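Structure file model25.cif (mmCIF, C-alpha atoms) is printed below.
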data_entry
#
loop_
_atom_site.label_atom_id
_atom_site.label_comp_id
_atom_site.auth_asym_id
_atom_site.auth_seq_id
_atom_site.Cartn_x
_atom_site.Cartn_y
_atom_site.Cartn_z
CA MET E 1 156.53 -3.31 128.68
CA LEU E 2 154.58 -1.64 125.88
CA PRO E 3 155.71 1.73 124.49
CA LEU E 4 154.04 4.88 125.78
CA PHE E 5 150.34 5.15 124.69
CA TYR E 6 150.11 1.60 123.31
CA LYS E 7 147.80 -1.01 124.86
CA ALA E 8 147.70 -4.05 122.55
CA LEU E 9 150.05 -4.12 119.58
CA GLN E 10 149.28 -6.33 116.60
CA PRO E 11 151.60 -6.68 113.57
CA LEU E 12 149.48 -5.94 110.51
CA HIS E 13 148.68 -8.78 108.14
CA ALA E 14 146.72 -8.47 104.90
CA GLN E 15 144.53 -11.49 105.65
CA ILE E 16 144.05 -11.15 109.41
CA HIS E 17 143.28 -7.43 109.26
CA ALA E 18 141.65 -7.29 105.83
CA ASP E 19 138.54 -5.50 107.10
CA TRP E 20 140.14 -3.34 109.78
CA ARG E 21 139.78 0.42 109.47
CA LEU E 22 141.15 3.56 111.15
CA LYS E 23 138.64 6.14 112.31
CA SER E 24 139.39 9.83 112.75
CA GLY E 25 140.32 10.85 116.27
CA ASP E 26 141.95 13.43 118.47
CA ALA E 27 144.81 13.70 120.96
CA SER E 28 142.89 12.53 124.02
CA PHE E 29 145.21 9.53 124.33
CA ALA E 30 148.02 11.94 125.26
CA HIS E 31 146.03 13.94 127.83
CA ASP E 32 147.74 12.44 130.90
CA THR E 33 151.27 12.31 129.50
CA PRO E 34 153.80 14.80 130.95
CA PHE E 35 156.68 13.57 128.74
CA VAL E 36 157.01 12.51 125.11
CA PRO E 37 160.17 11.17 123.43
CA VAL E 38 161.62 13.28 120.62
CA VAL E 39 164.17 12.42 117.94
CA VAL E 40 167.08 14.47 116.62
CA SER E 41 165.36 15.70 113.45
CA GLU E 42 162.69 17.53 115.49
CA ILE E 43 164.67 18.84 118.45
CA ALA E 44 165.20 22.25 116.83
CA VAL E 45 161.50 22.90 116.22
CA ALA E 46 160.29 21.16 119.40
CA ALA E 47 162.62 23.37 121.45
CA HIS E 48 160.46 26.37 120.54
CA SER E 49 157.48 24.82 122.34
CA TYR E 50 158.87 22.68 125.17
CA PRO E 51 161.86 22.18 127.45
CA ILE E 52 163.91 19.36 125.93
CA VAL E 53 165.68 17.27 128.57
CA PHE E 54 167.13 13.76 128.81
CA ALA E 55 165.64 10.80 130.65
CA ALA E 56 168.01 9.89 133.48
CA ASP E 57 168.04 6.25 132.39
CA GLY E 58 169.42 6.03 128.85
CA ALA E 59 169.60 9.75 128.03
CA GLN E 60 166.64 9.59 125.64
CA PRO E 61 165.65 13.19 124.69
CA VAL E 62 162.12 14.01 125.83
CA ALA E 63 159.85 17.02 125.55
CA VAL E 64 158.40 18.12 128.90
CA LEU E 65 154.65 18.66 128.54
CA GLY E 66 153.67 19.18 132.18
CA LEU E 67 154.70 19.10 135.82
CA GLU E 68 151.98 16.71 136.98
CA LEU E 69 150.48 13.65 135.32
CA ARG E 70 148.87 15.99 132.83
CA ASN E 71 149.71 17.22 129.35
CA LEU E 72 149.28 20.99 129.46
CA PHE E 73 149.07 21.16 125.67
CA VAL E 74 145.97 18.96 125.23
CA GLU E 75 142.57 20.36 126.05
CA ASN E 76 139.29 18.68 125.06
CA GLY E 77 141.25 16.33 122.84
CA ARG E 78 142.94 19.12 120.90
CA TRP E 79 146.66 19.80 120.88
CA ALA E 80 147.45 23.50 121.39
CA ALA E 81 147.50 25.14 117.97
CA GLU E 82 150.65 27.14 118.68
CA ALA E 83 152.68 24.15 119.85
CA TYR E 84 154.61 21.62 117.79
CA VAL E 85 153.17 18.08 117.86
CA PRO E 86 156.00 15.54 118.32
CA ALA E 87 156.41 12.77 115.75
CA TYR E 88 155.96 10.14 118.46
CA VAL E 89 152.42 11.46 118.95
CA ARG E 90 151.65 11.84 115.25
CA ARG E 91 152.55 8.25 114.39
CA TYR E 92 150.08 6.76 116.91
CA PRO E 93 148.39 4.22 116.71
CA PHE E 94 151.05 2.78 114.38
CA THR E 95 154.58 1.71 115.27
CA PHE E 96 157.25 -0.82 114.33
CA VAL E 97 157.81 -4.14 116.10
CA THR E 98 160.15 -7.06 115.66
CA GLN E 99 158.80 -10.53 114.91
CA PRO E 100 160.40 -13.96 115.24
CA GLY E 101 161.48 -15.24 111.85
CA PHE E 102 161.53 -11.84 110.15
CA ASP E 103 164.70 -9.90 109.36
CA GLY E 104 163.69 -6.33 110.06
CA PHE E 105 160.60 -4.71 111.47
CA SER E 106 156.86 -5.06 110.94
CA LEU E 107 154.26 -2.35 110.95
CA ALA E 108 151.92 -2.78 113.91
CA ILE E 109 148.81 -1.04 115.15
CA ASP E 110 147.41 -0.56 118.63
CA SER E 111 144.24 -2.62 118.61
CA GLY E 112 143.39 -1.03 121.96
CA SER E 113 143.01 2.41 120.39
CA ASP E 114 139.51 3.87 120.16
CA ARG E 115 140.31 4.80 116.56
CA VAL E 116 140.78 1.20 115.41
CA ALA E 117 137.64 -0.44 114.00
CA GLN E 118 137.80 -4.21 113.53
CA GLY E 119 135.25 -4.21 110.73
CA GLY E 120 132.38 -2.02 109.60
CA SER E 121 132.46 0.88 107.17
CA GLU E 122 133.56 3.80 109.35
CA GLY E 123 137.06 5.15 108.79
CA ALA E 124 139.80 4.48 106.25
CA ALA E 125 140.65 0.92 105.22
CA LEU E 126 144.03 -0.53 106.21
CA PHE E 127 144.00 -2.94 103.27
CA GLN E 128 142.39 -2.90 99.85
CA ASP E 129 142.24 -5.93 97.57
CA GLY E 130 144.75 -7.75 99.76
CA GLU E 131 147.31 -4.92 99.58
CA PRO E 132 148.24 -2.16 102.04
CA SER E 133 146.07 0.92 101.48
CA GLU E 134 147.50 4.37 100.91
CA LEU E 135 146.97 5.07 104.62
CA THR E 136 148.99 2.00 105.60
CA ARG E 137 151.76 2.81 103.11
CA GLN E 138 152.04 6.33 104.53
CA ALA E 139 152.17 4.93 108.06
CA LEU E 140 154.90 2.53 106.98
CA GLU E 141 156.99 5.36 105.51
CA PHE E 142 156.45 7.57 108.56
CA CYS E 143 157.43 4.84 111.02
CA ALA E 144 160.48 3.92 108.90
CA ALA E 145 161.67 7.55 109.00
CA PHE E 146 161.02 7.67 112.74
CA GLY E 147 163.03 4.48 113.20
CA ARG E 148 166.01 5.89 111.32
CA ASP E 149 165.83 9.03 113.42
CA ALA E 150 165.66 6.91 116.59
CA GLN E 151 168.96 5.29 115.63
CA LEU E 152 170.58 8.69 115.09
CA THR E 153 169.12 9.90 118.38
CA ALA E 154 170.75 6.98 120.19
CA LEU E 155 174.11 8.00 118.70
CA PHE E 156 173.54 11.57 119.91
CA SER E 157 172.76 10.38 123.44
CA THR E 158 175.81 8.10 123.42
CA ALA E 159 178.07 10.98 122.38
CA LEU E 160 176.86 13.10 125.30
CA ARG E 161 177.35 10.29 127.79
CA GLU E 162 180.81 9.43 126.51
CA LYS E 163 181.91 13.00 127.25
CA ASP E 164 180.16 12.88 130.65
CA LEU E 165 178.17 16.01 129.82
CA LEU E 166 174.83 15.06 131.38
CA ILE E 167 174.02 16.10 134.93
CA ASP E 168 170.96 15.47 137.12
CA ARG E 169 168.56 18.35 137.58
CA ARG E 170 165.09 19.00 138.97
CA ALA E 171 162.62 21.85 138.68
CA ASP E 172 160.41 22.97 141.54
CA ALA E 173 157.36 25.21 141.42
CA THR E 174 155.18 26.74 144.12
CA LEU E 175 151.70 27.68 142.98
CA PRO E 176 149.98 30.76 144.41
CA ASP E 177 147.73 28.52 146.49
CA GLY E 178 150.85 27.12 148.18
CA ARG E 179 150.80 23.79 146.41
CA LYS E 180 154.26 22.54 145.47
CA LEU E 181 155.10 20.74 142.27
CA GLY E 182 158.38 19.07 141.40
CA LEU E 183 159.89 17.54 138.30
CA ASP E 184 162.85 15.21 138.60
CA GLY E 185 164.34 12.11 137.01
CA PHE E 186 165.82 14.09 134.14
CA GLN E 187 169.21 15.37 133.04
CA ILE E 188 170.54 18.35 131.13
CA VAL E 189 173.85 19.15 129.46
CA ASP E 190 176.38 20.76 131.79
CA ALA E 191 177.02 24.07 130.00
CA GLU E 192 180.45 24.53 131.61
CA LYS E 193 181.69 21.12 130.54
CA PHE E 194 180.18 21.65 127.11
CA ASN E 195 182.02 24.97 126.66
CA ALA E 196 185.27 23.31 127.78
CA LEU E 197 185.23 20.58 125.11
CA ASP E 198 188.50 20.09 123.28
CA ASP E 199 188.87 21.55 119.78
CA GLU E 200 188.92 18.15 118.09
CA THR E 201 185.55 17.23 119.58
CA VAL E 202 184.08 20.64 118.78
CA VAL E 203 185.05 20.35 115.11
CA ALA E 204 183.78 16.77 114.86
CA TRP E 205 180.50 17.60 116.59
CA HIS E 206 180.00 20.67 114.41
CA ARG E 207 180.28 18.53 111.29
CA GLN E 208 177.97 15.90 112.74
CA GLY E 209 175.35 18.46 113.81
CA ILE E 210 175.71 17.59 117.48
CA LEU E 211 176.78 21.09 118.52
CA ALA E 212 173.59 22.60 117.12
CA LEU E 213 171.47 19.98 118.88
CA VAL E 214 173.07 20.80 122.22
CA HIS E 215 172.53 24.53 121.69
CA HIS E 216 168.85 23.94 120.90
CA HIS E 217 168.54 21.81 124.06
CA LEU E 218 170.14 24.46 126.27
CA ALA E 219 168.00 27.23 124.77
CA SER E 220 164.86 25.14 125.32
CA LEU E 221 165.37 25.17 129.08
CA ASP E 222 164.00 28.72 129.06
CA ARG E 223 160.68 27.14 128.11
CA PHE E 224 160.28 25.94 131.69
CA ARG E 225 159.04 29.43 132.55
CA ALA E 226 156.37 29.27 129.85
CA LEU E 227 155.46 25.77 131.00
CA LEU E 228 155.04 26.93 134.56
CA ASP E 229 152.98 29.91 133.46
CA ARG E 230 150.77 27.49 131.58
CA GLN E 231 150.40 25.43 134.75
CA ALA E 232 149.48 28.59 136.64
CA LEU E 233 146.73 29.39 134.16
CA LEU E 234 145.40 25.88 134.53
CA SER E 235 145.32 26.46 138.28
CA ALA E 236 143.41 29.72 137.78
CA SER E 237 146.44 31.73 138.89
CA SER E 238 148.68 34.33 137.29
CA HIS E 239 152.09 33.79 138.87
CA VAL E 240 154.40 30.88 139.71
CA ALA E 241 157.59 30.95 141.76
CA VAL E 242 160.15 28.52 140.35
CA THR E 243 163.63 27.36 141.26
CA GLN E 244 166.01 24.77 139.90
CA SER E 245 168.20 22.63 142.11
CA SER E 246 170.09 19.38 142.27
CA PRO E 247 168.10 16.23 143.07
CA ALA E 248 166.76 16.17 146.60
CA ASP E 249 164.09 14.53 148.68
CA ALA E 250 160.72 15.80 147.45
CA SER E 251 158.22 13.62 149.25
CA ASP E 252 156.03 16.66 149.89
CA ARG E 253 155.70 17.43 146.18
CA GLU E 254 153.47 16.02 143.49
CA LYS E 255 155.78 14.88 140.71
CA PRO E 256 155.83 12.65 137.67
CA SER E 257 158.95 10.63 136.91
CA ALA E 258 160.72 10.81 133.58
CA PRO E 259 159.86 7.92 131.25
CA ASP E 260 161.95 4.81 131.04
CA ALA E 261 164.42 5.16 128.20
CA SER E 262 162.90 2.04 126.68
CA ALA E 263 159.60 3.81 126.16
CA PRO E 264 160.44 5.29 122.74
CA HIS E 265 161.62 1.88 121.52
CA ALA E 266 164.48 2.87 119.24
CA GLU E 267 163.99 -0.54 117.67
CA ASP E 268 160.58 0.61 116.71
CA PRO E 269 160.83 0.56 112.85
CA ALA E 270 158.14 -1.49 110.60
CA GLY E 271 156.47 -3.50 107.80
CA THR E 272 153.61 -5.92 107.22
CA PRO E 273 154.23 -9.51 106.15
CA ALA E 274 153.56 -8.05 102.71
CA THR E 275 155.72 -4.96 103.33
CA HIS E 276 158.91 -5.15 105.37
CA THR E 277 161.77 -2.78 106.00
CA LYS E 278 165.24 -3.61 107.23
CA PRO E 279 167.03 -1.32 109.69
CA LYS E 280 169.67 0.83 108.10
CA LYS E 281 172.93 1.66 109.76
CA ALA E 282 173.20 5.28 110.85
#
Before we go any further, please render this structure as structure tokens.
Amino acid sequence: MLPLFYKALQPLHAQIHADWRLKSGDASFAHDTPFVPVVVSEIAVAAHSYPIVFAADGAQPVAVLGLELRNLFVENGRWAAEAYVPAYVRRYPFTFVTQPGFDGFSLAIDSGSDRVAQGGSEGAALFQDGEPSELTRQALEFCAAFGRDAQLTALFSTALREKDLLIDRRADATLPDGRKLGLDGFQIVDAEKFNALDDETVVAWHRQGILALVHHHLASLDRFRALLDRQALLSASSHVAVTQSSPADASDREKPSAPDASAPHAEDPAGTPATHTKPKKA
């Protein structure tokens, strides 16, 4: 299964992709995406724009972008100016992949992206004189940083699961026209269990930055109201009734499911055959 957004990944090679170029583009590729993975370094800022929850399978943190198969923050290819753009979105169409025979990760590009030109003169070159261009070097550095953050994010998720802090939740909304929307397949931190943590764990998590991450997550849940108001505006309405409940049968509701925890590909770090990076231990 390919990561979210990607259609046809190709590890970059100076000879094979010597004349490939990257054209300018917009965020249209994320128009129908109601969830995007986030990593620990951006949870604090992302929490100001979106509810941050955890995918039920794997506890990967994700930003909720919509209640249907629609990103409420992308309109006519433009991401809302007031909202933070997650790193997972900004790195596209690049990512890291593993390759047989290589110790580490290789920088890859989505050849299925409309921005990728396999020749011609439009856009920025991926290679110059047989070497990675400045664009490719920047992509390599960005994906390497994202990969390191993905490893730290996995440790964060593991810590929450080891303390059994994650509980299933769903959000339901009734639009003024009577249409019902539901969001499920996600988890949140149980605030009561979190507040009851033993002192030793609290001190350790404070030093590790985990406490702050949990507080940002819990505060972000208030963004569901803003998200629902945004949905109401999209539906040419001005008010939405919303409730939260435990998981239940919702066959009468239109709902997207949370992404598979494998979607962010924590083993997503990169390099070309000319430029490799090895994963670092968190």
Q.
Quick check, in Å to one decimal: how far apart do CA of Leu160 in chain E and CA of Leu181 in chain E lie?
A.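 Between these atoms lies a distance of 28.6 Å.
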Q: Could you please determine the separation between CA of Val64 in chain E and CA of Tyr6 in chain E in Å, to one decimal place?
A: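 CA of Val64 in chain E sits 19.3 Å away from CA of Tyr6 in chain E.
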Closest atom pairs, residues of range 81-124 of chain E within 10 Å of range 44-52 of chain E, all atoms listed in the file, as a tab-separated table:
residue	atom	partner	partner_atom	distance
E:Glu82	CA	E:Ser49	CA	8.1
E:Ala83	CA	E:Ser49	CA	5.4
E:Tyr84	CA	E:Ala46	CA	5.9
E:Val85	CA	E:Ala46	CA	7.9
E:Pro86	CA	E:Ala46	CA	7.2
E:Ala87	CA	E:Ala46	CA	9.9
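Across E:Val38, E:Ala226, E:Leu12, E:Ala204, the tightest approach to Ala108 in chain E is made by E:Leu12 when counting only C-alpha atoms.
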Q: Taking the file above as input, evaluate the PyMOL selection byres ((chain E and resi 210-214) around 9) and report the hits as an MDAnalysis selection string.
A: chainID E and resid 40 43:44 156 159 189 194 202:209 215:219
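Among the candidates E:Gln118, E:Gln151, E:Thr33, E:Asn195, the one nearest to Leu65 in chain E when counting all atoms listed in the file is E:Thr33.
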(Q) Counting all atoms listed in the file, which residue out of E:Leu4, E:Val53, E:Val89, E:Leu197 sits closest to Asp222 in chain E? (A) E:Val53
Q: Measure the distance from CA of Thr153 in chain E to CA of Gln60 in chain E in Å and round it to one decimal.
A: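 Spanning CA of Thr153 in chain E to CA of Gln60 in chain E is a straight-line distance of 7.7 Å.
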(Q) At a cut-off of 10 Å, using only C-alpha atoms, what residues contact Tyr92 in chain E? Leave out same-chain residues fewer than 4 positions from it and give the result as a list of chain:residue names. (A)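 My reading of the contact set: E:Leu4, E:Phe5, E:Tyr6, E:Ala27, E:Phe29, E:Ala87, E:Tyr88, E:Ile109, E:Asp110, E:Ser113, E:Arg115, E:Ala139, E:Cys143.
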Output as AutoDock Vina command-line options the centre and edge lengths (Å, one decimal) of the box along x, y and z of the file that holds every listed atom of range 127-138 of chain E after adding 8 Å on each side.
--center_x 147.1 --center_y -0.7 --center_z 101.6 --size_x 25.8 --size_y 30.1 --size_z 24.0
Q.
Taking the file as I've supplied it (selection: the PyMOL selection byres ((chain E and resi 93-96) around 10)), which residues are included? Please answer as number ranges by chain.
A. E: 3, 5-7, 9-12, 22, 29, 88-92, 97-99, 104-116, 136, 139-140, 142-144, 146-147, 265-272, 277
Q. Counting all atoms listed in the file, which of E:Ile16, E:Ile167, E:Ala145, E:Leu72 gets nearest to Phe35 in chain E?
A.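 Nearest to Phe35 in chain E: E:Leu72.
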Q | Residues matched by the PyMOL selection byres ((chain E and resi 76) around 10) as a ChimeraX atom specification | A | /E:26-28,31,74-75,77-79
Q) Which is closest to Arg170 in chain E among E:Ala56, E:Ala81, E:Asp198, E:Gly123, if we use all atoms listed in the file? A)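 So, comparing all the options, the nearest one is E:Ala56.
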Q.
Here is a test: counting only C-alpha atoms, which residue of E:His13, E:Lys193, E:Arg70, E:Arg179 is nearest to Leu166 in chain E?
A.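 Among the listed residues, E:Lys193 lies closest to Leu166 in chain E.
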